[in-house]
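Shown next, in structure tokens, is the structure this report addresses.
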Amino acid sequence: MKITSVATFLLASCLFGCSTVSLDAVKRVSSATVMPLTSNEINASVEFTKVVVALERGTVYGQIGQGLGCFAGLLLKWEAGATSHIDGPLVQAARDVFKSAGIKLAGDPAQLFNLGPDSVGELVVAAKIQKIDLRFCGAGTYTGQKGVGYVEVEWQVLSRVSGSVIMTYVNEGSFETKDYRPGGAPWISGAFTEASRHFVNAAQFRALLKIPKAPAAKA
């Protein structure tokens with residue numbers, strides 16, 4: 001049989017020798033529905049400050065799958081080192097989840113200056129992404145990509161009253177697209193959104209929200 005194109009040749013070759021990227025190898029985490037809080041369940045004000053991606057330079061965090069056959073392509077390596085984000089899609093994803101639970105966050109990222117008592121929270125929350133696994137198929141095609149992302153996140157809550165971390169909580173999240181989408185999908189921010197939902201549902205965090213406010217100091 002005559003091979004009529006390079007693409008056909010590569011496909012035929014890979015059918016007998018190329019390895020593929022397995023989306024099934026990425027850990028899945030059950031999805032969560034945010035349970036709204038009532039005003040009676042929230043006594044402490046909350047501030048969300050940042051997301052840190054704590055991967056070392058050179059860490060392999062995933063792989064690209066070429067074509068519809070998802071043939072093994074380039075490994076994804078984290079070259080930035082530890083990075084801190086005070087805005088952007090990861091921070092906004094967490095803020096949106098907190099708001100969906102009925103938690104009014106201190107400060108307004110749209111303002112140039114945040115001043116006054118409402119600009120800071122009694123509980124300060126930050127997140128650290130410790131692991132990422134991202135794999136997708138369809139690179140180099142017109143149909144787009146499908147894939148799955150996974151993150152492991154450490155959450156910390158600091159009390160402004162005590163000046164110390166009063167809660168450390170580790171959880172996970174995943175996000176998957178099963179159909180090919182032009183331009184791919186936000187797999188990492190989607191996985192982080194899922195981890196955020198699990199965090200705001202955590203009984204340990206909700207117990208902190210119920211702690212009565214510290215009485216104001218007398219003049």
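Labeling convention for the structure tokens: chains A, B, ... as they appear, residues from 1 per chain, ligands from 1 in order of appearance.
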Inset, instruction - For stretch 25-41 of chain A, work out the shell of residues within 7 Å, counting only C-alpha atoms and skipping chain neighbours fewer than 2 positions away, then give it as a ChimeraX atom specification. - result: /A:22-23,43,100-102,133,148,150,172-174,194,197-198,201,209-210
Inset, instruction - Name all residues at most 9 Å from A:Asn171 (count only C-alpha atoms; drop same-chain ones fewer than 4 positions away) and give them as a PyMOL selection string. - result: chain A and resi 151-155+195-196+198-199
Take the residues that were just selected and, keeping N, CA and C atoms, output them as an mmCIF file, in the first residue's frame.
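After the write, part39.cif holds the following:
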```cif
data_model
loop_
_atom_site.group_PDB
_atom_site.id
_atom_site.type_symbol
_atom_site.label_atom_id
_atom_site.label_comp_id
_atom_site.auth_asym_id
_atom_site.auth_seq_id
_atom_site.Cartn_x
_atom_site.Cartn_y
_atom_site.Cartn_z
ATOM 1 N N VAL A 151 -5.196 18.941 41.207
ATOM 2 C CA VAL A 151 -4.335 19.708 42.105
ATOM 3 C C VAL A 151 -4.487 19.202 43.536
ATOM 4 N N GLU A 152 -3.398 19.297 44.286
ATOM 5 C CA GLU A 152 -3.438 19.106 45.740
ATOM 6 C C GLU A 152 -3.144 20.463 46.356
ATOM 7 N N VAL A 153 -3.976 20.875 47.304
ATOM 8 C CA VAL A 153 -3.892 22.230 47.850
ATOM 9 C C VAL A 153 -3.787 22.191 49.372
ATOM 10 N N GLU A 154 -2.879 22.992 49.898
ATOM 11 C CA GLU A 154 -2.824 23.219 51.341
ATOM 12 C C GLU A 154 -3.411 24.594 51.626
ATOM 13 N N TRP A 155 -4.431 24.628 52.467
ATOM 14 C CA TRP A 155 -5.067 25.864 52.878
ATOM 15 C C TRP A 155 -4.598 26.228 54.284
ATOM 16 N N ALA A 195 -11.366 22.207 44.486
ATOM 17 C CA ALA A 195 -10.743 22.144 45.812
ATOM 18 C C ALA A 195 -11.274 23.250 46.715
ATOM 19 N N SER A 196 -11.543 24.412 46.138
ATOM 20 C CA SER A 196 -12.097 25.534 46.909
ATOM 21 C C SER A 196 -13.481 25.200 47.446
ATOM 22 N N HIS A 198 -14.621 22.216 48.196
ATOM 23 C CA HIS A 198 -14.455 21.281 49.308
ATOM 24 C C HIS A 198 -13.980 22.014 50.566
ATOM 25 N N PHE A 199 -13.140 23.036 50.384
ATOM 26 C CA PHE A 199 -12.628 23.760 51.554
ATOM 27 C C PHE A 199 -13.729 24.533 52.264
#
```
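Checking A:Gly144, A:Ala126, A:Thr193, A:Thr177 one by one against A:Val165, counting only C-alpha atoms, you find the shortest gap at A:Ala126.
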Legend entry - Which of A:Leu55, A:Leu68, A:Ile129, A:Val200 sits closest to A:Asp96 [using only C-alpha atoms]: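 Among the listed residues, the smallest separation from A:Asp96 belongs to A:Val200.
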Inset, instruction - Name the residues in contact with A:Ala127 at a cut-off of 10 Å, using only C-alpha atoms, excluding same-chain residues fewer than 3 positions from it; report them as a list in words. - result: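 In the requested format, the answer is Phe48, Thr49, Lys50, Val51, Val52, Val53, Ser84, His85, Leu90, Val91, Ala94, Gln130, Val153, Glu154, Trp155, Gln156, Val157, Thr168, Tyr169, Val170, Phe192 and Ser196 of chain A.
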Inset, instruction - Have a look at atom CA of A:Ile103 and atom CA of A:Ala202 and let me know their distance in Å, one decimal. - result: 13.8 Å
Legend entry - Gap from atom CA of A:Thr143 to atom CA of A:Leu75 - Å, one decimal: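 Going from atom CA of A:Thr143 over to atom CA of A:Leu75 covers 21.4 Å.
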